[in-house]
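This report concerns only the one structure given below.
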Amino acid sequence: MKMERILFGDNQFFAVNHISDEKSMAQSIRFKEDAAIIRTLDHAMEAGINTFMCTTHDRIANICEVIRQHPDKYRDFKIYPCMPYAHKYANAVTELGIMGTIKQYVPGNFFGSLFKGGVAFLSKDFLSIMELLIDAEMKMFKGINTPVIFLQNVVTDLLLGLKMKDVLVAYHDYVKKKYNAEAGFITMNMPALLNMLEEGGIKNPIICASINKAGFRMSGGKELYEETLRTREFRAIAMQVLAGGAVSPKEAIEYVCGLPNIESILFGASSKTNINDTASLIHKYDQVYATTP
Amino acid sequence: MVKVGLIGAGKMGISHLAILGAHPDADVVGVCDTSKMVIEAMEKYSPFPCFTDYKKMLAQAKPDAVVIAVPTKFHASMVKEMLDLGIHVFVEKPFCLHPEEGLALIQLANSKKLVNQVGYHNKFVGTFDEVKKLVQSGAIGEIYHFMGQAYGPVVVKPKQDTWRSNPEEGGGCLMDYASHVIDLINYLLSPVQSVQSSSLKSVFSKQVDDAVYAMMSLQNGVSGLLSVNWSDDTHRKMSTSISINGTKGKIVSDANELKVYFKEASCPAGYSRGWNVKYVTDLTPSVDYYLRGEEYSAQMDHFIKAVQGKVPNTINSFESAAKTDNAIALIRKAQQ
């Protein structure tokens, strides 16, 4: 399954702005009502973008409900869930500790039963906890087409730093087995992650990484990223192509469209004009590079 | 290679561990936590040697340096133990529960020439670094007022208690959240000398403060305000900011965006009269491994390099963190 060239992101809906707290607040006000999100998704669809890549934020459940209620309108629409919504857990860990957080978010009384037999839980149960957490996050997408399911960068990169290769592989395998979907990995450390996934036997993985002309959040350096794209086998999605505003849209898109092996470009925008402008720029430079020998 | 041990694999500890795991000059020789579950998960899935007793880790793994990320009440005794053994120390913030504990540790670390660092990561944020340069160069003239703020959604409803909700163990917004802002004020402007008035409010917590407001004066005579609230869910995550008023201009900065206003045309290179906006993307050097923010990798890299003798042990030393402990005590004392 090939991913679409353009994927629509959701940062703007949830006040995620890597540059300005003021803009964050303005976005939070603008997208207070779910209807405003739906309207923006409609603008994206009108621009020919049918894939919405979104975090498993509580409010996405409402959006999923609207999608389920209008099967004709959203017949070709796909969601790429990105889990988990990390701040939910991070804030919980500060308050409740790691054990308290697991207790709160692992569904059912799995945790209770885990302790009933004393401390004799087997090591494989850690992966069962992960599977239960994945299922909990996936609940809201029931009945919606989710062909790729992503692990958010904070978790991917944490596992990478902890060298927990087997957990990354287990995520990959579980998503395939249970949801018949491809696993995707979001990262700020693309070359290092690719090495680890390959060591774990995952071939041609889907990796979504910060890729931009400014070298912003490209750990290991822009040159290494470019070389990795040129020489290695994986399916790259470029995100943060505008480098948080450090590069002009034209320059940003020209750079990314000129790179080899970028299957998709992810961007988010609030207004119809910005969505159309960015989509047109991508089409324009794709044409330019398609005809350049 | 620097042999590093980690004590305390909670939220900050695990983050430090991942950063150390990815660092080319750090060899993680031991991870220690009292939670059997965390240690078993580490043992099963990570390559790091694991321990539930840190004394055993010290004896077996013989680290050159340790990272301590345990509840604050254990900091003083544990840091002393490490220094006595000749081990370099990185300890999470805040440094010590009581300012007098810190003074002895500063002396000990200095006399044994051991690297000592505390985890106030804002000093490694590009925007704040630029604020420091602007303030030091006198670019905004004579400074007469500041306002340090931090808001975030940590305790947004009444909930069950952990060590962070126990004032005896270093819990509460003042120790956990406001300490970052106080440390930043100390660093950017001048250490807090006195606190005229303060108010510690419990919004949802039963035993600790969820918000801190204070009026204070610095050693250089400048006065200003502190406003910190961790029960503010209009923010998605912790957002820390500082604004500084001077006779020639004004600085408003958070970790992402720096805004500087100059009254006149005579201003530093790269700036002009009126408002100037710079982003962290332009001001922050990239890191080899990224997790949560460049500053977390940069501070750990600084610690490793200091142990290797490649950089001086000047940023976030025990001495600077003790000044923050002192300010925390002054704020507590000045409560209305």
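Chains: A, B, ... in order of the structure tokens. Residues: from 1 per chain. Ligands: from 1, in order shown.
Taking only range 22-196 of chain A, the residues that DSSP calls strand (DSSP E or B) from the backbone come to Thr51, Phe52, Met53, Cys54, Thr55, Lys78, Ile79, Tyr80, Pro81, Cys82, Met83, Val148, Ile149, Phe150, Leu151, Glu182, Ala183, Gly184, Phe185, Ile186 and Thr187 of chain A.
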Saved selection, atoms kept: N, CA and C atoms, as a PDB file, in the first residue's frame:
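Output contents, as saved in selection_19.pdb:
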ATOM      1  N   THR A  51      -5.843  11.847   3.760  1.00  0.00           N
ATOM      2  CA  THR A  51      -5.288  11.159   4.919  1.00  0.00           C
ATOM      3  C   THR A  51      -5.027  12.157   6.031  1.00  0.00           C
ATOM      4  N   PHE A  52      -5.565  11.838   7.192  1.00  0.00           N
ATOM      5  CA  PHE A  52      -5.423  12.696   8.373  1.00  0.00           C
ATOM      6  C   PHE A  52      -4.564  11.946   9.379  1.00  0.00           C
ATOM      7  N   MET A  53      -3.406  12.515   9.664  1.00  0.00           N
ATOM      8  CA  MET A  53      -2.498  11.877  10.616  1.00  0.00           C
ATOM      9  C   MET A  53      -2.663  12.597  11.946  1.00  0.00           C
ATOM     10  N   CYS A  54      -3.175  11.885  12.956  1.00  0.00           N
ATOM     11  CA  CYS A  54      -3.509  12.610  14.175  1.00  0.00           C
ATOM     12  C   CYS A  54      -3.164  11.840  15.435  1.00  0.00           C
ATOM     13  N   THR A  55      -2.882  12.590  16.464  1.00  0.00           N
ATOM     14  CA  THR A  55      -2.570  12.014  17.760  1.00  0.00           C
ATOM     15  C   THR A  55      -3.853  11.466  18.396  1.00  0.00           C
ATOM     16  N   LYS A  78      -8.891   8.367   5.234  1.00  0.00           N
ATOM     17  CA  LYS A  78      -8.103   7.474   6.091  1.00  0.00           C
ATOM     18  C   LYS A  78      -7.538   8.265   7.274  1.00  0.00           C
ATOM     19  N   ILE A  79      -7.405   7.592   8.396  1.00  0.00           N
ATOM     20  CA  ILE A  79      -6.719   8.215   9.536  1.00  0.00           C
ATOM     21  C   ILE A  79      -5.473   7.394   9.852  1.00  0.00           C
ATOM     22  N   TYR A  80      -4.366   8.097  10.072  1.00  0.00           N
ATOM     23  CA  TYR A  80      -3.159   7.450  10.598  1.00  0.00           C
ATOM     24  C   TYR A  80      -3.042   7.867  12.063  1.00  0.00           C
ATOM     25  N   PRO A  81      -3.485   7.019  12.989  1.00  0.00           N
ATOM     26  CA  PRO A  81      -3.385   7.397  14.406  1.00  0.00           C
ATOM     27  C   PRO A  81      -1.918   7.444  14.855  1.00  0.00           C
ATOM     28  N   CYS A  82      -1.609   8.376  15.756  1.00  0.00           N
ATOM     29  CA  CYS A  82      -0.268   8.466  16.334  1.00  0.00           C
ATOM     30  C   CYS A  82      -0.421   8.374  17.841  1.00  0.00           C
ATOM     31  N   MET A  83       0.160   7.361  18.409  1.00  0.00           N
ATOM     32  CA  MET A  83      -0.052   7.160  19.832  1.00  0.00           C
ATOM     33  C   MET A  83       1.253   7.109  20.598  1.00  0.00           C
ATOM     34  N   VAL A 148      -2.121   2.817   8.622  1.00  0.00           N
ATOM     35  CA  VAL A 148      -0.799   2.939   9.274  1.00  0.00           C
ATOM     36  C   VAL A 148      -1.026   3.473  10.686  1.00  0.00           C
ATOM     37  N   ILE A 149      -0.389   2.863  11.658  1.00  0.00           N
ATOM     38  CA  ILE A 149      -0.539   3.288  13.049  1.00  0.00           C
ATOM     39  C   ILE A 149       0.846   3.643  13.601  1.00  0.00           C
ATOM     40  N   PHE A 150       0.968   4.901  14.032  1.00  0.00           N
ATOM     41  CA  PHE A 150       2.291   5.420  14.408  1.00  0.00           C
ATOM     42  C   PHE A 150       2.534   5.427  15.905  1.00  0.00           C
ATOM     43  N   LEU A 151       3.799   5.254  16.235  1.00  0.00           N
ATOM     44  CA  LEU A 151       4.274   5.467  17.593  1.00  0.00           C
ATOM     45  C   LEU A 151       4.859   6.876  17.643  1.00  0.00           C
ATOM     46  N   GLU A 182       0.063  -1.254   8.966  1.00  0.00           N
ATOM     47  CA  GLU A 182       1.517  -1.107   9.000  1.00  0.00           C
ATOM     48  C   GLU A 182       1.882  -0.268  10.222  1.00  0.00           C
ATOM     49  N   ALA A 183       3.006  -0.585  10.830  1.00  0.00           N
ATOM     50  CA  ALA A 183       3.481   0.242  11.936  1.00  0.00           C
ATOM     51  C   ALA A 183       4.291   1.392  11.365  1.00  0.00           C
ATOM     52  N   GLY A 184       4.102   2.560  11.940  1.00  0.00           N
ATOM     53  CA  GLY A 184       4.922   3.709  11.570  1.00  0.00           C
ATOM     54  C   GLY A 184       5.636   4.208  12.813  1.00  0.00           C
ATOM     55  N   PHE A 185       6.774   4.834  12.598  1.00  0.00           N
ATOM     56  CA  PHE A 185       7.556   5.344  13.735  1.00  0.00           C
ATOM     57  C   PHE A 185       7.872   6.813  13.507  1.00  0.00           C
ATOM     58  N   ILE A 186       7.471   7.661  14.440  1.00  0.00           N
ATOM     59  CA  ILE A 186       7.832   9.077  14.368  1.00  0.00           C
ATOM     60  C   ILE A 186       9.097   9.246  15.206  1.00  0.00           C
ATOM     61  N   THR A 187      10.047  10.033  14.694  1.00  0.00           N
ATOM     62  CA  THR A 187      11.324  10.157  15.396  1.00  0.00           C
ATOM     63  C   THR A 187      12.001  11.489  15.110  1.00  0.00           C
TER      64      THR A 187
END
- Message: Which residues are close to range 251-255 of chain B, i.e. within 8 Å by only C-alpha atoms, leaving aside same-chain residues fewer than 4 positions away? Reply as a list in words.
- Response: Asn122, Val125, Gly126, Thr127, Phe128, Val131, Ile140, Ser239, Thr240, Ser241, Ile242, Ser243, Ile244, Asn245, Lys259, Val260, Tyr261 and Val280 of chain B
- Tell me the residues of chain B close to chain A, meaning within 9 Å using only C-alpha atoms, as a VMD selection string. chain B and resid 10 to 11 14 to 15 17 to 23 35 to 38 40 to 42 44 to 48 153 to 155 159 to 165 234 to 237 239 254 to 257 279 to 282 286 to 292 294
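As for CA of Ala236 in chain A and CA of Ser210 in chain A, they are spaced 10.1 Å apart.
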- Message: What parts of range 185-313 of chain B does DSSP call alpha helix (DSSP H)? I'd like the answer as a PyMOL selection string.
- Response: chain B and resi 185-188+280-283+294-307
- Query: What lies within 7 Å of Val4 in chain B using only C-alpha atoms, ignoring chain neighbours under 6 positions off, as an MDAnalysis selection string?
  - Reply: chainID B and resid 26:29 63:66
Go ahead and write the selection's residues with C-alpha atoms as a CSV table (one decimal), in the first residue's frame.
chain,number,residue,atom,x,y,z
B,26,ALA,CA,29.0,7.5,28.2
B,27,ASP,CA,29.0,3.9,29.2
B,28,VAL,CA,26.0,3.1,31.4
B,29,VAL,CA,27.4,0.7,33.9
B,63,PRO,CA,30.9,4.3,38.2
B,64,ASP,CA,33.1,7.4,37.6
B,65,ALA,CA,29.9,9.5,37.7
B,66,VAL,CA,26.3,9.1,38.9
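Relative to CA of Val203 in chain B, CA of Gly172 in chain B is found at 11.1 Å.
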Distance query Ala9 in chain B at most 7 Å, only C-alpha atoms, self and fewer than 3 positions along chain excluded, as a short mmCIF file (atom, residue, chain, number, x, y, z; two decimals) with C-alpha atoms, in the first residue's frame:
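Saved to around.cif:
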data_model
loop_
_atom_site.label_atom_id
_atom_site.label_comp_id
_atom_site.auth_asym_id
_atom_site.auth_seq_id
_atom_site.Cartn_x
_atom_site.Cartn_y
_atom_site.Cartn_z
CA GLY B 13 15.70 9.29 35.49
CA ILE B 14 14.45 7.30 32.49
CA CYS B 32 19.15 1.43 40.07
CA ASP B 33 15.56 1.84 41.21
#
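Between CA of Gly258 in chain A and CA of Ile207 in chain A lies a distance of 18.3 Å.
Counting only C-alpha atoms, the residue from B:Tyr54, B:Phe318, B:Tyr144, B:Trp230 that sits nearest to Leu189 in chain B is B:Tyr144.
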- Non-local contacts of Arg30 in chain A (9 Å; only C-alpha atoms; under 6 positions in same chain excluded) as a list of chain:residue names: A:Phe13, A:Ala36, A:Ser270
